[in-house]
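Enquirer: Before anything else, here's the structure in question.
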2 protein chains.
Amino acid sequence: MTDAIRNAIEYLQESRDKIMEDYTELLRFPSIGADPAHADDVRACADWIVSQLEALGFENCESIATDGLPVVYGEWLKAGADKPTVLVYAHYDVQPVDPLPLWHSEPFEAVIRDGKIFARGASDNKAGVWGNLKLFEALLQANGALPVNVKIMFEGEEESGSPSIEAFVEANKERLAADVLLNCDGDFEPDSPQLVYAGRGIVSAEVRVSGPQADIHSGLYGGLVQNPLHVAGKIIGSFHDESGRVLLPGYYDSLNEISATEKERVEAGFQAEEMREGAGVAAFWGETIAPASERATVYPTLDVNGMWGGYQGPGNKTIIPAEAGFKITMRIAPDQDPRVVSQLLKAHVESFATETVSVACSIGEEAWYFQLDTDGPWLEAVQSAIEETVGARAKLVRTGGSIPILGVFNRLIGVPITAFGYGHGEGIHSPNESLDIDAFFISLEAAVRLYQNLGAVEK
Amino acid sequence: MTDAIRNAIEYLQESRDKIMEDYTELLRFPSIGADPAHADDVRACADWIVSQLEALGFENCESIATDGLPVVYGEWLKAGADKPTVLVYAHYDVQPVDPLPLWHSEPFEAVIRDGKIFARGASDNKAGVWGNLKLFEALLQANGALPVNVKIMFEGEEESGSPSIEAFVEANKERLAADVLLNCDGDFEPDSPQLVYAGRGIVSAEVRVSGPQADIHSGLYGGLVQNPLHVAGKIIGSFHDESGRVLLPGYYDSLNEISATEKERVEAGFQAEEMREGAGVAAFWGETIAPASERATVYPTLDVNGMWGGYQGPGNKTIIPAEAGFKITMRIAPDQDPRVVSQLLKAHVESFATETVSVACSIGEEAWYFQLDTDGPWLEAVQSAIEETVGARAKLVRTGGSIPILGVFNRLIGVPITAFGYGHGEGIHSPNESLDIDAFFISLEAAVRLYQNLGAVEK
């Protein structure tokens, strides 16, 4: 262990109580980005983080306005031109707190209990913000400098789908220029570290199918007036063939096969039996399309997440309902353009309109797939730091889920991306969110090594 | 006007205030047959009606137990063997009262206001019970006898789908034997009298489509696990072709064409433009199957009355839902056996089950179409009584709706059926149900003539 590392780790160990005590200040901001009533709280939280960065000696610190909520920016560029520049991403907005009655303590008054700190955002993702701030503090206090140049980008809209981030990144390409992006929105479990290296994009939509002006009597009008629920059924029924293949015309046109190496990695990381038991189904579905591991992570999907229309209570109500609706999310494959996919969906769905039933498909989220480095020096910097700290390297996992912000960086910045999470958390997006304090300090120790490793990567 | 008619009408006019005052006693029973909490109220109401029939001199009066709620029976058979026997049907159970806050007065404490009496059941169908009781009282007081033999059958389960009536009728065929059935569950509007002479049968069903054991993440499982909402969509989408024809195999096999005369009558009674405006649609649907008038009244239908599954709130929830469901009613044509139709539906729906998604179709109501006389002496007795009282004959209307009890009589008793309603009512099945008192007494006057006319029909 070098002196620089030892000094920083000692600083963190000695400051442990104060670090957790000060963390409650950050956790006190109800920075619920999705709730307009909390917009001022989100902005106040951004300002507070800016002041923390300034106190550390970061420069050009700013709460940068966007079309929505601000991005916190700050930079420390004194490591020298021969050292890499690391763009650090985390988000300081948090999920809503409901159902509030299920919380055992106030969501924004942090409480330490059983080695965990309980508060909304304690893990997701104020741990990413606070972990970085305290890491830089430790490195600067112990060694007077950081091993790399650092640019901070902390977002305030992650939990509401990052609606402003694409325009922000587009408008700030120069300011955000870096050699590597380090995504700190994630978890760190010392016993079984994982690293999600790729995922699918996402397109979401909501469909409204409207017929008669009000619910009408199915005895008087049955056979005479087209029922919007029947049209909704025809649309939903049109999405897949019997084997599970999505029937949207051209949906698979831009699907690039993954490499043989990648197929092996995906297959190796796929826990078929665990997944099947988790879903509680007798078998998977769609076997003729591709192996299960690839269908779950690489191939594009289309799922109806909810549907409704007419009478849903007990017994009968003999009506032709006025309206039906359903919600869709599509997970899209590498290289599929979400804007193309969404228009494909919209055109297909709306083609079911008739003279007497209207169909409107409104598109919600449109996000690209993402891809982190699966080898090379940036990933090695992360893996060796983790290995040296907890004795094992992180398992590389491909997810079927989506991290829209990484897709934006992939496409607009084109910078290599790697990831490191501060954790370990529980109750994310649920009541009684918490952060395991031991795991948090283990991840800080690993982060000290990570930044040293990053400083040793040749540009 | 004969003395017998004049005497009875004078009695009714003189007793008008007392008749309405006493009516509040019948209206006081909360005889909500669909609500098990009110079963004793329904039985108390039946007992009270039995006592009224006994006081009139009816014989063998009884509240007859069924598998559900009792049928009130009573008979007056002293008109002589050469006179027809009329089986009078009405029902004394009432609809639930919710939403209670919308009532301007207590539903079971009748209030007279603006020439109307307001109470739950004031029109539907305690007016049918009370109209007959007071008519018999007037005829007996004024003339000492009824012009026909009368058997009373007042049901207590009409508003909950008459679940016990078929078994009851089957078990009491001899007791119910008559020359004509007079259905008094209906309305009487002096300004534009109508008589519904035929309607469709009905089959209802509820379908449950079950997949994963709980809602699961659409990112992790999308493409891997079959989504029950997709299967529900395929089933709903399978019911009709593009022209609106129901695609159940064999669904039209037992459909008998109606006669040319009947086609003309159906067409004459069909208000196309009013119907279209009432539904608020640009056009009807299914024009290639049959004329609109017949599609709305004769041809069988299949409508999804409600559907549900997964997330229905604002925004997105990225899930593959555990379950979907929907409700169906089918209006069935003359001669279609509801038990055959229901099995056809069940077999078709359940054929969509897969290895990983189960489909269960449970059948609810199964009722035959019904058909009243459209000519002959019984109808003429009704029509001439109405014409003499209000100056116009009732318009004969075929409905697309269902009156299950009449289908039971058609099939099990095989007796000619005609109809006469006591009314006119408003707010049926809604808050602030009322009966127009003037119209009620006009219908009583017509009923006096009706019973005289029935007494003149040769057996």
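Residue numbering restarts at 1 for every chain of the structure tokens, chains are lettered A, B, ... in their displayed order, and ligands are numbered from 1 as they appear.
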Excluding A:Glu174 and any residue of its chain fewer than 4 positions from it, enumerate the residues within 12 Å of it, using only C-alpha atoms, and give them as JSON, numbers by chain.
Expert: {"A": [87, 151, 168, 169, 170, 178, 412, 413]}
Enquirer: Convert the current residue selection to file output with C-alpha atoms, as a PDB file, in the first residue's frame.
Expert:
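The file below, part11.pdb, is the result:
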ATOM      1  CA  LEU A  87     -16.149  12.717 -15.580  1.00  0.00           C
ATOM      2  CA  LYS A 151     -15.214  16.843 -13.564  1.00  0.00           C
ATOM      3  CA  PHE A 168     -27.896  19.496 -21.484  1.00  0.00           C
ATOM      4  CA  VAL A 169     -25.180  17.092 -22.609  1.00  0.00           C
ATOM      5  CA  GLU A 170     -25.564  18.226 -26.209  1.00  0.00           C
ATOM      6  CA  ALA A 178     -13.137  13.647 -20.498  1.00  0.00           C
ATOM      7  CA  LEU A 412     -23.279  12.150 -27.590  1.00  0.00           C
ATOM      8  CA  ILE A 413     -19.902  12.041 -25.838  1.00  0.00           C
TER       9      ILE A 413
END
Enquirer: Give me, as a PyMOL selection string, the residues of chain B touching chain A, with the criterion being at most 6 Å (counting only C-alpha atoms).
Expert: chain B and resi 212-213+219-226+230+233-234+236-237+279-282+284-285+295-296+301+305-312+319-320+356+400-401
Enquirer: Report as a ChimeraX atom specification all protein, DNA and RNA residues lying within 6 Å of stretch 27-31 of chain B, evaluated on only C-alpha atoms, omitting residues in the same chain fewer than 3 positions from it.
Expert: /B:24,41-42,45,93-94,108-109
Enquirer: Would you write out those residues with N, CA and C atoms, as a PDB file, in the first residue's frame?
Expert:
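Writing the result to result-v9.pdb gives the following:
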ATOM      1  N   THR B  24     -96.792   3.826   0.980  1.00  0.00           N
ATOM      2  CA  THR B  24     -95.544   4.084   1.723  1.00  0.00           C
ATOM      3  C   THR B  24     -95.198   2.910   2.638  1.00  0.00           C
ATOM      4  N   ASP B  41     -85.214  -8.378   5.471  1.00  0.00           N
ATOM      5  CA  ASP B  41     -86.131  -7.325   5.005  1.00  0.00           C
ATOM      6  C   ASP B  41     -86.927  -7.806   3.797  1.00  0.00           C
ATOM      7  N   VAL B  42     -86.250  -8.552   2.920  1.00  0.00           N
ATOM      8  CA  VAL B  42     -86.947  -9.084   1.750  1.00  0.00           C
ATOM      9  C   VAL B  42     -88.050 -10.041   2.211  1.00  0.00           C
ATOM     10  N   CYS B  45     -90.936  -8.243   3.715  1.00  0.00           N
ATOM     11  CA  CYS B  45     -91.735  -7.613   2.664  1.00  0.00           C
ATOM     12  C   CYS B  45     -92.668  -8.646   2.033  1.00  0.00           C
ATOM     13  N   ASP B  93     -88.595  -7.163  -4.948  1.00  0.00           N
ATOM     14  CA  ASP B  93     -87.239  -6.772  -4.538  1.00  0.00           C
ATOM     15  C   ASP B  93     -86.848  -5.518  -5.312  1.00  0.00           C
ATOM     16  N   VAL B  94     -85.872  -4.789  -4.777  1.00  0.00           N
ATOM     17  CA  VAL B  94     -85.473  -3.510  -5.369  1.00  0.00           C
ATOM     18  C   VAL B  94     -83.962  -3.460  -5.539  1.00  0.00           C
ATOM     19  N   PHE B 108     -86.042   4.771   1.673  1.00  0.00           N
ATOM     20  CA  PHE B 108     -87.127   3.903   2.142  1.00  0.00           C
ATOM     21  C   PHE B 108     -88.130   4.651   3.021  1.00  0.00           C
ATOM     22  N   GLU B 109     -88.093   5.979   2.931  1.00  0.00           N
ATOM     23  CA  GLU B 109     -89.143   6.785   3.556  1.00  0.00           C
ATOM     24  C   GLU B 109     -89.731   7.641   2.444  1.00  0.00           C
TER      25      GLU B 109
END
Enquirer: Would you mind reading off the distance between atom CA of A:Glu445 and atom CA of A:Arg120, one decimal, in Å?
Expert: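 A separation of 24.1 Å between them.
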Enquirer: Please return as number ranges by chain: the residues of stretch 23-250 of chain A that backbone DSSP assigns to strand (DSSP E).
Expert: A: 59-64, 71-76, 85-91, 111-113, 116-118, 149-155, 180-183, 194-199, 201-210, 216-217
